[in-house]
file upload-v9.txt (compact mmCIF, C-alpha atoms)
# COMPACT_ATOMS: atom_id res chain seq x y z
CA MET A 159 92.62 87.89 103.38
CA TYR A 160 91.98 91.37 103.86
CA THR A 161 90.84 94.24 101.88
CA GLN A 162 91.63 93.50 98.33
CA ALA A 163 90.32 96.97 97.54
CA LEU A 164 93.14 98.57 99.52
CA SER A 165 95.90 96.57 97.92
CA LEU A 166 94.49 97.18 94.45
CA GLU A 167 94.59 100.92 94.95
CA ARG A 168 98.19 100.88 95.97
CA GLN A 169 99.50 98.44 93.46
CA GLN A 170 100.67 101.22 91.17
CA ASP A 171 103.06 102.63 93.75
CA SER A 172 104.78 99.34 94.23
CA ASN A 173 105.43 98.93 90.55
CA GLN A 174 107.70 101.94 90.58
CA GLU A 175 111.00 100.42 91.58
CA ASP A 176 113.21 102.43 93.82
CA PRO A 177 116.60 101.21 95.15
CA GLU A 178 116.16 102.87 98.54
CA ARG A 179 112.72 101.33 99.08
CA THR A 180 114.01 97.97 97.87
CA ARG A 181 116.85 98.17 100.37
CA ARG A 182 114.49 99.02 103.24
CA PHE A 183 112.16 96.22 102.11
CA GLN A 184 114.98 93.66 102.24
CA ALA A 185 116.03 95.00 105.65
CA ARG A 186 112.52 94.35 106.96
CA ILE A 187 112.64 90.80 105.56
CA ASP A 188 116.07 90.22 107.11
CA ALA A 189 114.67 91.41 110.46
CA GLU A 190 111.94 88.73 110.17
CA GLU A 191 109.19 91.31 109.84
CA ARG A 192 106.05 90.25 107.99
CA ILE A 193 105.00 92.08 104.84
CA GLU A 194 101.30 92.99 104.73
CA PRO A 195 99.07 93.72 101.70
CA THR A 196 99.22 97.49 101.98
CA ASP A 197 103.00 97.63 102.51
CA TRP A 198 105.30 98.62 99.70
CA MET A 199 106.88 95.62 97.97
CA PRO A 200 108.98 95.14 94.82
CA ALA A 201 106.90 94.16 91.78
CA ALA A 202 108.92 90.95 91.40
CA TYR A 203 108.12 89.92 94.99
CA ARG A 204 104.42 90.51 94.30
CA GLN A 205 104.56 88.54 91.04
CA THR A 206 106.47 85.64 92.61
CA LEU A 207 103.90 85.38 95.39
CA ILE A 208 100.92 85.62 93.04
CA ARG A 209 102.40 82.80 90.98
CA GLN A 210 103.29 80.61 93.96
CA ILE A 211 100.12 81.14 96.00
CA SER A 212 97.80 80.70 93.03
CA GLN A 213 99.61 77.54 91.90
CA HIS A 214 99.21 76.29 95.43
CA ALA A 215 95.49 77.14 95.38
CA HIS A 216 94.98 75.45 92.00
CA SER A 217 96.73 72.34 93.34
CA GLU A 218 94.28 72.10 96.23
CA ILE A 219 91.33 72.46 93.85
CA ILE A 220 92.59 69.94 91.27
CA GLY A 221 93.69 67.69 94.15
CA MET A 222 90.04 67.02 94.92
CA GLN A 223 89.70 65.01 91.70
CA PRO A 224 91.95 61.98 92.30
CA GLU A 225 90.45 61.57 95.76
CA GLY A 226 86.90 62.31 94.71
CA ASN A 227 87.31 59.37 92.32
CA TRP A 228 86.94 56.97 95.31
CA LEU A 229 84.19 58.74 97.28
CA THR A 230 81.40 56.57 95.94
CA ARG A 231 83.48 53.39 96.26
CA ALA A 232 85.05 53.81 99.70
CA PRO A 233 85.12 50.42 101.46
CA SER A 234 82.96 51.52 104.41
CA LEU A 235 80.78 54.40 105.54
CA LYS A 236 83.50 55.40 108.03
CA ARG A 237 86.14 55.62 105.29
CA LYS A 238 83.70 57.49 103.07
CA LEU A 239 83.03 60.12 105.75
CA GLN A 240 86.76 60.54 106.37
CA LEU A 241 87.46 60.96 102.67
CA MET A 242 84.62 63.46 102.25
CA ALA A 243 86.00 65.50 105.15
CA LYS A 244 89.42 65.47 103.49
CA VAL A 245 88.07 66.50 100.09
CA GLN A 246 86.11 69.33 101.74
CA ASP A 247 89.33 70.47 103.40
CA GLU A 248 91.08 70.61 100.01
CA ALA A 249 88.32 72.92 98.75
CA GLY A 250 88.71 75.05 101.87
CA HIS A 251 92.49 75.21 101.44
CA GLY A 252 92.06 76.33 97.85
CA LEU A 253 89.74 79.11 99.02
CA TYR A 254 92.07 80.30 101.83
CA LEU A 255 94.88 80.47 99.30
CA TYR A 256 92.90 82.28 96.59
CA GLY A 257 92.00 84.78 99.32
CA ALA A 258 95.68 85.24 100.19
CA ALA A 259 96.64 85.66 96.51
CA GLU A 260 93.90 88.26 96.02
CA THR A 261 95.44 90.51 98.67
CA LEU A 262 98.25 91.05 96.15
CA GLY A 263 95.85 92.75 93.77
CA VAL A 264 94.80 89.95 91.43
CA SER A 265 91.13 88.98 91.12
CA ARG A 266 89.63 85.57 91.81
CA GLU A 267 88.16 85.49 88.32
CA GLU A 268 91.55 86.11 86.77
CA LEU A 269 93.15 83.32 88.81
CA VAL A 270 90.39 80.81 88.06
CA GLY A 271 90.54 81.87 84.41
CA GLN A 272 94.27 81.06 84.31
CA LEU A 273 93.56 77.59 85.68
CA LEU A 274 90.72 76.92 83.24
CA SER A 275 92.68 78.12 80.22
CA GLY A 276 95.59 75.84 81.12
CA LYS A 277 97.94 78.81 81.50
CA ALA A 278 98.45 78.26 85.23
CA LYS A 279 100.30 75.27 86.63
CA TYR A 280 99.33 73.09 89.57
CA SER A 281 101.20 70.35 91.37
CA SER A 282 102.05 67.57 88.91
CA ILE A 283 101.27 64.89 91.46
CA PHE A 284 97.57 65.28 90.73
CA ASN A 285 98.10 64.22 87.13
CA TYR A 286 98.55 60.61 88.26
CA PRO A 287 95.51 58.32 88.45
CA THR A 288 94.02 56.71 91.57
CA LEU A 289 93.64 53.11 90.40
CA SER A 290 92.70 51.41 93.67
CA TRP A 291 91.44 52.27 97.15
CA ALA A 292 95.00 51.87 98.41
CA ASP A 293 95.92 54.94 96.35
CA ILE A 294 93.78 57.00 98.73
CA GLY A 295 95.90 55.72 101.61
CA ALA A 296 99.12 56.35 99.69
CA ILE A 297 98.06 59.91 98.77
CA GLY A 298 97.27 60.78 102.38
CA TRP A 299 100.47 59.25 103.66
CA LEU A 300 102.93 60.30 100.94
CA VAL A 301 101.44 63.23 99.04
CA ASP A 302 100.06 64.98 102.10
CA GLY A 303 103.21 64.01 103.98
CA ALA A 304 105.33 65.70 101.31
CA ALA A 305 102.97 68.68 101.26
CA ILE A 306 103.35 69.12 105.02
CA MET A 307 107.15 69.13 104.71
CA ASN A 308 106.78 71.86 102.13
CA GLN A 309 104.13 73.85 103.94
CA ILE A 310 105.34 73.98 107.53
CA PRO A 311 108.21 76.35 106.66
CA ILE A 312 105.74 78.52 104.68
CA CYS A 313 103.93 79.22 108.00
CA ARG A 314 106.93 81.54 108.54
CA CYS A 315 106.82 83.03 105.04
CA SER A 316 107.60 86.75 104.89
CA TYR A 317 104.20 87.54 103.36
CA GLY A 318 101.67 87.71 106.20
CA PRO A 319 98.45 86.56 104.48
CA TYR A 320 100.20 83.53 102.93
CA ALA A 321 101.81 82.58 106.23
CA ARG A 322 98.49 82.86 108.07
CA ALA A 323 96.63 80.81 105.46
CA MET A 324 99.33 78.19 105.79
CA VAL A 325 98.89 77.96 109.57
CA LEU A 326 95.21 77.09 109.03
CA ILE A 327 96.12 74.58 106.32
CA CYS A 328 98.89 72.81 108.25
CA LYS A 329 96.58 72.17 111.19
CA GLU A 330 94.21 70.35 108.87
CA GLU A 331 96.84 68.52 106.77
CA SER A 332 97.96 66.55 109.78
CA PHE A 333 94.59 64.80 109.83
CA HIS A 334 95.02 64.01 106.14
CA GLN A 335 98.36 62.34 106.58
CA ARG A 336 97.31 60.30 109.61
CA GLN A 337 94.10 59.26 107.87
CA GLY A 338 96.18 58.07 104.89
CA TYR A 339 98.71 56.19 107.00
CA GLU A 340 95.97 54.49 108.98
CA THR A 341 94.33 53.40 105.72
CA MET A 342 97.70 51.93 104.65
CA MET A 343 98.07 50.21 108.03
CA ALA A 344 94.66 48.55 107.64
CA LEU A 345 95.60 47.28 104.17
CA ALA A 346 99.15 46.25 105.08
CA SER A 347 97.90 44.15 108.00
CA GLY A 348 95.01 42.68 105.99
CA THR A 349 94.84 39.78 103.56
CA PRO A 350 97.78 39.11 101.19
CA GLU A 351 95.71 40.72 98.41
CA GLN A 352 95.14 43.85 100.50
CA LYS A 353 98.81 44.06 101.38
CA ALA A 354 99.70 43.68 97.69
CA MET A 355 97.33 46.56 96.92
CA ALA A 356 99.12 48.74 99.46
CA GLN A 357 102.52 47.79 97.99
CA ASP A 358 101.29 48.51 94.48
CA ALA A 359 100.08 51.96 95.53
CA LEU A 360 103.42 52.71 97.20
CA ASN A 361 105.22 51.55 94.04
CA ARG A 362 103.28 54.01 91.91
CA TRP A 363 103.18 57.00 94.30
CA TRP A 364 106.71 56.94 95.71
CA TRP A 365 108.63 58.61 92.90
CA PRO A 366 105.97 61.18 92.00
CA SER A 367 105.89 62.13 95.72
CA VAL A 368 109.69 62.48 95.82
CA MET A 369 109.41 64.71 92.74
CA MET A 370 106.83 66.95 94.45
CA PHE A 371 109.65 69.01 95.95
CA GLY A 372 110.54 70.24 92.49
CA PRO A 373 113.77 70.24 90.50
CA SER A 374 117.09 69.61 92.16
CA ASP A 375 118.68 72.73 93.70
CA LYS A 376 121.19 73.01 90.88
CA ASP A 377 118.34 73.25 88.33
CA SER A 378 115.87 75.30 90.36
CA VAL A 379 115.50 78.73 88.79
CA HIS A 380 113.41 80.48 91.43
CA SER A 381 115.03 79.11 94.56
CA GLU A 382 117.73 81.60 95.38
CA GLN A 383 115.64 84.77 95.22
CA ALA A 384 112.73 83.09 97.02
CA MET A 385 115.12 82.17 99.85
CA ARG A 386 116.41 85.73 100.04
CA TRP A 387 112.84 87.02 100.27
CA LYS A 388 112.03 84.35 102.88
CA ILE A 389 109.16 83.04 100.82
CA LYS A 390 111.11 79.79 100.95
CA ARG A 391 113.08 78.66 103.99
CA PHE A 392 114.64 75.42 102.77
CA THR A 393 115.80 74.34 99.33
CA ASN A 394 113.97 71.68 97.30
CA ASP A 395 116.65 69.09 98.00
CA GLU A 396 116.71 69.81 101.74
CA LEU A 397 112.94 69.33 101.97
CA ARG A 398 113.09 66.20 99.81
CA GLN A 399 115.71 64.72 102.15
CA LYS A 400 113.56 65.48 105.21
CA PHE A 401 110.65 63.71 103.54
CA VAL A 402 112.69 60.64 102.63
CA ASP A 403 114.20 60.40 106.13
CA ALA A 404 110.76 60.65 107.73
CA THR A 405 109.05 58.23 105.34
CA VAL A 406 111.51 55.32 105.13
CA PRO A 407 110.89 54.14 108.74
CA GLN A 408 107.13 54.57 108.24
CA ALA A 409 107.24 52.20 105.25
CA LYS A 410 109.27 49.75 107.31
CA TYR A 411 106.62 49.79 110.04
CA LEU A 412 103.99 48.95 107.42
CA GLY A 413 106.15 46.07 106.16
CA LEU A 414 106.19 47.63 102.68
CA TYR A 415 109.16 48.17 100.38
CA ILE A 416 110.13 51.51 98.93
CA PRO A 417 110.58 50.95 95.18
CA ASP A 418 114.16 52.18 95.04
CA PRO A 419 116.88 49.50 94.93
CA ALA A 420 119.52 52.18 95.52
CA LEU A 421 117.98 53.36 98.80
CA THR A 422 120.71 53.10 101.46
CA TRP A 423 121.39 54.52 104.90
CA ASN A 424 124.39 56.82 104.83
CA GLU A 425 126.14 56.55 108.17
CA ALA A 426 128.36 59.55 107.43
CA THR A 427 125.53 62.01 106.68
CA ARG A 428 122.96 60.24 108.90
CA HIS A 429 120.49 60.44 106.01
CA TRP A 430 118.92 58.01 103.56
CA ASP A 431 120.45 58.24 100.07
CA ILE A 432 118.00 57.68 97.23
CA GLY A 433 118.61 56.51 93.67
CA PRO A 434 118.45 58.83 90.64
CA ILE A 435 115.19 60.67 90.01
CA ASP A 436 113.69 60.39 86.54
CA TRP A 437 113.61 64.10 85.75
CA ASP A 438 112.44 63.40 82.19
CA GLU A 439 109.22 62.03 83.63
CA PHE A 440 108.92 65.04 85.93
CA TRP A 441 109.21 67.55 83.08
CA ARG A 442 106.95 65.49 80.85
CA VAL A 443 104.15 65.67 83.43
CA VAL A 444 104.80 69.37 84.20
CA LYS A 445 104.56 70.16 80.49
CA GLY A 446 101.18 68.49 80.17
CA ASP A 447 101.92 64.91 79.18
CA GLY A 448 101.23 63.08 82.42
CA PRO A 449 98.69 60.25 82.61
CA CYS A 450 95.76 62.54 83.58
CA ASN A 451 96.62 66.16 82.67
CA ARG A 452 93.88 66.48 80.05
CA GLN A 453 91.32 64.64 82.12
CA ARG A 454 91.92 66.88 85.18
CA LEU A 455 91.58 70.08 83.23
CA SER A 456 88.51 69.01 81.28
CA ALA A 457 86.81 67.84 84.50
CA LYS A 458 87.54 71.22 86.10
CA ARG A 459 86.20 73.10 83.05
CA ALA A 460 83.06 70.96 83.02
CA ALA A 461 82.48 71.57 86.74
CA HIS A 462 82.89 75.31 86.21
CA GLN A 463 80.46 75.34 83.29
CA ASP A 464 77.94 73.09 85.01
CA GLY A 465 77.96 75.43 88.01
CA ALA A 466 77.36 78.56 85.93
CA TRP A 467 73.60 78.53 86.45
CA VAL A 468 74.09 78.47 90.23
CA ARG A 469 76.29 81.55 90.09
CA GLU A 470 73.86 83.29 87.75
CA ALA A 471 70.92 82.47 90.02
CA ALA A 472 72.78 83.77 93.09
CA GLU A 473 73.58 87.02 91.29
CA ALA A 474 70.00 87.43 90.09
CA PHE A 475 68.67 86.76 93.58
CA ALA A 476 71.05 89.26 95.17
CA ALA A 477 70.13 91.88 92.55
CA LYS A 478 66.41 91.32 93.11
CA ARG A 479 66.73 91.65 96.87
CA ALA A 480 68.86 94.77 96.57
CA ALA A 481 66.28 96.30 94.20
CA ARG A 482 63.46 95.55 96.65
CA ARG A 483 65.38 97.05 99.52
CA ASN A 484 65.92 100.23 97.56
CA SER A 485 62.36 100.50 96.30
CA PRO A 486 60.27 103.01 98.32
CA ILE A 487 57.17 100.79 98.24
CA ALA A 488 58.87 97.74 99.68
CA ALA A 489 60.25 99.56 102.72
CA GLU A 490 58.95 97.53 105.64
CA MET B 207 79.82 81.51 82.37
CA THR B 208 79.70 84.54 84.65
CA ASP B 209 82.91 86.39 85.27
CA LYS B 210 81.76 89.12 87.58
CA ASN B 211 83.78 89.91 90.66
CA TRP B 212 81.59 89.11 93.60
CA PRO B 213 81.90 91.41 96.62
CA LEU B 214 84.67 90.56 99.08
CA TYR B 215 83.85 89.98 102.74
CA GLU B 216 86.15 89.70 105.74
CA VAL B 217 85.40 86.89 108.18
CA PHE B 218 85.73 87.14 111.96
CA LEU B 219 85.16 84.25 114.37
CA ARG B 220 84.48 84.17 118.11
CA PRO B 221 86.30 80.97 119.01
CA ARG B 222 85.00 80.57 122.56
CA ASN B 223 82.65 82.22 124.95
CA GLY B 224 84.29 85.26 126.52
CA LEU B 225 86.70 85.94 123.64
CA SER B 226 86.30 88.64 121.02
CA HIS B 227 85.87 87.99 117.31
CA LYS B 228 89.14 87.55 115.46
CA HIS B 229 89.86 87.99 111.76
CA VAL B 230 90.45 84.65 110.02
CA GLY B 231 90.27 85.40 106.32
CA SER B 232 88.05 86.52 103.51
CA LEU B 233 85.64 85.22 100.91
CA HIS B 234 83.42 86.30 98.04
CA ALA B 235 79.63 86.20 98.12
CA THR B 236 76.75 87.80 96.26
CA ASP B 237 75.06 88.99 99.47
CA ASP B 238 75.38 89.07 103.25
CA GLU B 239 73.47 85.87 103.77
CA MET B 240 75.61 83.89 101.36
CA ALA B 241 78.70 85.38 102.99
CA LEU B 242 77.58 84.01 106.37
CA GLN B 243 76.82 80.57 104.92
CA ASN B 244 80.12 80.42 103.05
CA ALA B 245 82.04 81.59 106.13
CA ARG B 246 80.45 78.78 108.09
CA ASP B 247 81.45 76.20 105.44
CA VAL B 248 84.95 77.51 104.73
CA TYR B 249 86.16 78.59 108.17
CA THR B 250 84.31 76.44 110.73
CA ARG B 251 84.64 72.78 109.76
CA ARG B 252 86.06 71.79 113.15
CA GLY B 253 84.09 73.70 115.76
CA GLU B 254 86.27 76.81 115.42
CA ALA B 255 83.48 79.24 116.26
CA LEU B 256 80.49 80.06 118.41
CA SER B 257 79.70 83.12 116.35
CA ILE B 258 80.62 84.56 112.94
CA TRP B 259 80.84 88.15 111.74
CA VAL B 260 81.10 88.92 108.04
CA VAL B 261 81.88 92.47 106.97
CA PRO B 262 82.03 93.84 103.42
CA SER B 263 85.73 94.56 102.90
CA LYS B 264 84.97 97.94 101.42
CA ALA B 265 83.28 98.96 104.69
CA ILE B 266 86.58 98.72 106.56
CA VAL B 267 88.30 102.03 107.14
CA SER B 268 92.03 101.51 107.53
CA SER B 269 94.94 103.64 108.66
CA GLU B 270 97.42 104.42 105.91
CA PRO B 271 100.70 102.50 105.98
CA SER B 272 102.44 105.74 104.98
CA GLU B 273 101.13 107.38 108.15
CA ARG B 274 102.35 104.63 110.40
CA GLU B 275 105.23 106.62 111.83
CA MET B 276 103.15 109.70 112.49
CA LEU B 277 100.31 107.76 114.08
CA PHE B 278 102.09 105.16 116.14
CA ASP B 279 105.67 106.16 116.81
CA PRO B 280 104.80 108.65 119.57
CA SER B 281 103.26 105.89 121.66
CA MET B 282 106.10 103.38 121.31
CA PRO B 283 107.29 102.19 124.74
CA GLU B 284 110.78 103.59 124.15
CA ARG B 285 109.25 107.05 123.64
CA LYS B 286 106.86 106.94 126.57
CA PRO B 287 108.26 104.33 128.95
CA TYR B 288 106.46 105.97 131.88
CA ARG B 289 103.17 104.58 130.58
CA HIS B 290 104.31 101.07 131.54
CA PRO B 291 104.36 99.51 135.01
CA THR B 292 107.98 98.35 134.70
CA PHE B 293 109.11 102.02 134.54
CA TYR B 294 108.52 102.35 138.27
CA ASP B 295 110.92 100.79 140.78
CA ILE B 296 109.14 99.48 143.83
CA PRO B 297 111.26 97.91 146.62
CA ASP B 298 110.86 94.14 147.08
CA GLU B 299 109.82 94.67 150.70
CA VAL B 300 106.59 96.24 149.52
CA GLY B 301 105.59 92.91 148.00
CA HIS B 302 103.77 92.21 144.76
CA MET B 303 102.17 95.26 143.17
call {"tool": "encode", "arguments": {"input": "upload-v9.txt", "output": "structure tokens"}}
result
Amino acid sequence: MYTQALSLERQQDSNQEDPERTRRFQARIDAEERIEPTDWMPAAYRQTLIRQISQHAHSEIIGMQPEGNWLTRAPSLKRKLQLMAKVQDEAGHGLYLYGAAETLGVSREELVGQLLSGKAKYSSIFNYPTLSWADIGAIGWLVDGAAIMNQIPICRCSYGPYARAMVLICKEESFHQRQGYETMMALASGTPEQKAMAQDALNRWWWPSVMMFGPSDKDSVHSEQAMRWKIKRFTNDELRQKFVDATVPQAKYLGLYIPDPALTWNEATRHWDIGPIDWDEFWRVVKGDGPCNRQRLSAKRAAHQDGAWVREAAEAFAAKRAARRNSPIAAE
Amino acid sequence: MTDKNWPLYEVFLRPRNGLSHKHVGSLHATDDEMALQNARDVYTRRGEALSIWVVPSKAIVSSEPSEREMLFDPSMPERKPYRHPTFYDIPDEVGHM
């Protein structure tokens, strides 16, 4: 979000590591200063942010697919409009985030290319299918709920453009979560069949949502350095616990059951304890073997290819207009 | 498939009447008109603006981060406290000033 050109020019400097500069950089972070695109930063900080912000952007873009699946079959015009607004927001969030990543000196084309080639990762949650309308409610409530837990601390991330993009995003995510919960409320207080639909969606989305926070702290490779750089403010397990504590009473209000027989209130810690997470499933989906990984990527590639003529036409039009402006005859 | 880098634009919004335009982010577009349309779609989905400016990023002239000290340190309040109203002690009897 500003002046990619400037940060590109200076990228070379920052790749030359220098202990004194690194020390001053960490001192600025410790003092809660924000790092801006043209500031010196260690190459590893830049790379970590490019990876994290672009993964985040890709997640928003791929995240349009499971929801888009129900746009033409929303149960009413009102629900359809709400879902369209939400899907448009996901596109917008992807664009804010690509913009933030580009300030670090990487081009949009490169980032999109990494997504299309399958090299880049995106949030595994979007590799699960949306089988019923209730899944739209469950995604808003649980997936956006988990995303908000993750994203609110990033509003205070040490990298200015990422933090600012996240402020815009968090404002809009709140609508997403409330829209999802209200959809669940309508189903949970409906006919027995509708309530069963809501329960079924919760059964399928609960564990993938709990896994959204990433590996347990003891297995999380990037956590410690990201905390030191204040890219991350809480560990994966801390955020997961916040999500569980917030969500359990919400499920109770809906009259739905969280599909975890081991879920118990721990009076000593004042937190809900959950049962064991199936990390094999998590890694399977991350590594490409979830229910929809191939489908998501091929749909994204098709959309990109099908849109090529629009991009070509826009470029041709801009070139034609520029040529006319520069031609001495056409001067009006 | 085209893989050209489209020009980058910075987006500024005037949120309400009487306020100045404020930077909100950036976007790519093939020309000025598309930049305005995209800015409207990407940054104003909830009545955030009464007016939009888009500026080609390369048109922005920026101070150098390396010159920050030279340019801005002399005017820091601790260097020139007398430029601020709180530097001057006025007795309470005089009333609000």
call {"tool": "interface_residues", "arguments": {"input": "upload-v9.txt", "of": "chain B", "to": "chain A", "cutoff": "12 Å", "atoms": "all atoms listed in the file", "output": "number ranges by chain"}}
result
B: 207-218, 229-241, 244-252, 254, 260-274
call {"tool": "axis_aligned_box", "arguments": {"input": "upload-v9.txt", "around": "range 409-426 of chain A", "padding_each_side": "3 Å", "output": "lines of an AutoDock Vina configuration file"}}
result
center_x = 116.2
center_y = 52.8
center_z = 102.5
size_x = 30.4
size_y = 19.5
size_z = 21.1
call {"tool": "residues_around", "arguments": {"input": "upload-v9.txt", "residues": "His227 in chain B", "least_positions_apart": "4", "cutoff": "10 Å", "atoms": "all atoms listed in the file", "output": "list of chain:residue names"}}
result
B:Val217, B:Phe218, B:Leu219, B:Arg220, B:Pro221, B:Arg222, B:Ala255, B:Leu256, B:Ser257, B:Ile258, B:Trp259
call {"tool": "residues_near_point", "arguments": {"input": "upload-v9.txt", "point": "(103.8, 61.6, 108.1)", "cutoff": "7 Å", "atoms": "only C-alpha atoms", "output": "PDB file with C-alpha atoms, in the coordinates of the input"}}
result
ATOM      1  CA  TRP A 299     100.470  59.250 103.660  1.00  0.00           C
ATOM      2  CA  GLY A 303     103.210  64.010 103.980  1.00  0.00           C
ATOM      3  CA  GLN A 335      98.360  62.340 106.580  1.00  0.00           C
ATOM      4  CA  ARG A 336      97.310  60.300 109.610  1.00  0.00           C
ATOM      5  CA  THR A 405     109.050  58.230 105.340  1.00  0.00           C
TER       6      THR A 405
END
call {"tool": "residues_around", "arguments": {"input": "upload-v9.txt", "residues": "Asp438 in chain A", "least_positions_apart": "3", "cutoff": "12 Å", "atoms": "only C-alpha atoms", "output": "ChimeraX atom specification"}}
result
/A:366,369,373,434-435,441-445,447-448
call {"tool": "closest_residue", "arguments": {"input": "upload-v9.txt", "among": "A:Ser290, A:Asn484, A:Ser332, A:Asn308", "to": "Pro233 in chain A", "atoms": "all atoms listed in the file"}}
result
A:Ser290
call {"tool": "atom_distance", "arguments": {"input": "upload-v9.txt", "atom1": "CA of Pro417 in chain A", "atom2": "CA of Ala359 in chain A"}}
result
10.6 Å
call {"tool": "atom_distance", "arguments": {"input": "upload-v9.txt", "atom1": "CA of Asp188 in chain A", "atom2": "CA of Trp387 in chain A"}}
result
8.2 Å
call {"tool": "atom_distance", "arguments": {"input": "upload-v9.txt", "atom1": "CA of Ile389 in chain A", "atom2": "CA of Gln205 in chain A"}}
result
12.1 Å
call {"tool": "closest_residue", "arguments": {"input": "upload-v9.txt", "among": "A:Lys236, A:Lys388, A:Lys376, A:Lys353", "to": "Gln337 in chain A", "atoms": "all atoms listed in the file"}}
result
A:Lys236
call {"tool": "residues_around", "arguments": {"input": "upload-v9.txt", "residues": "Pro177 in chain A", "least_positions_apart": "6", "cutoff": "12 Å", "atoms": "only C-alpha atoms", "output": "NGL selection string"}}
result
:A and (183-184 or 199-200)
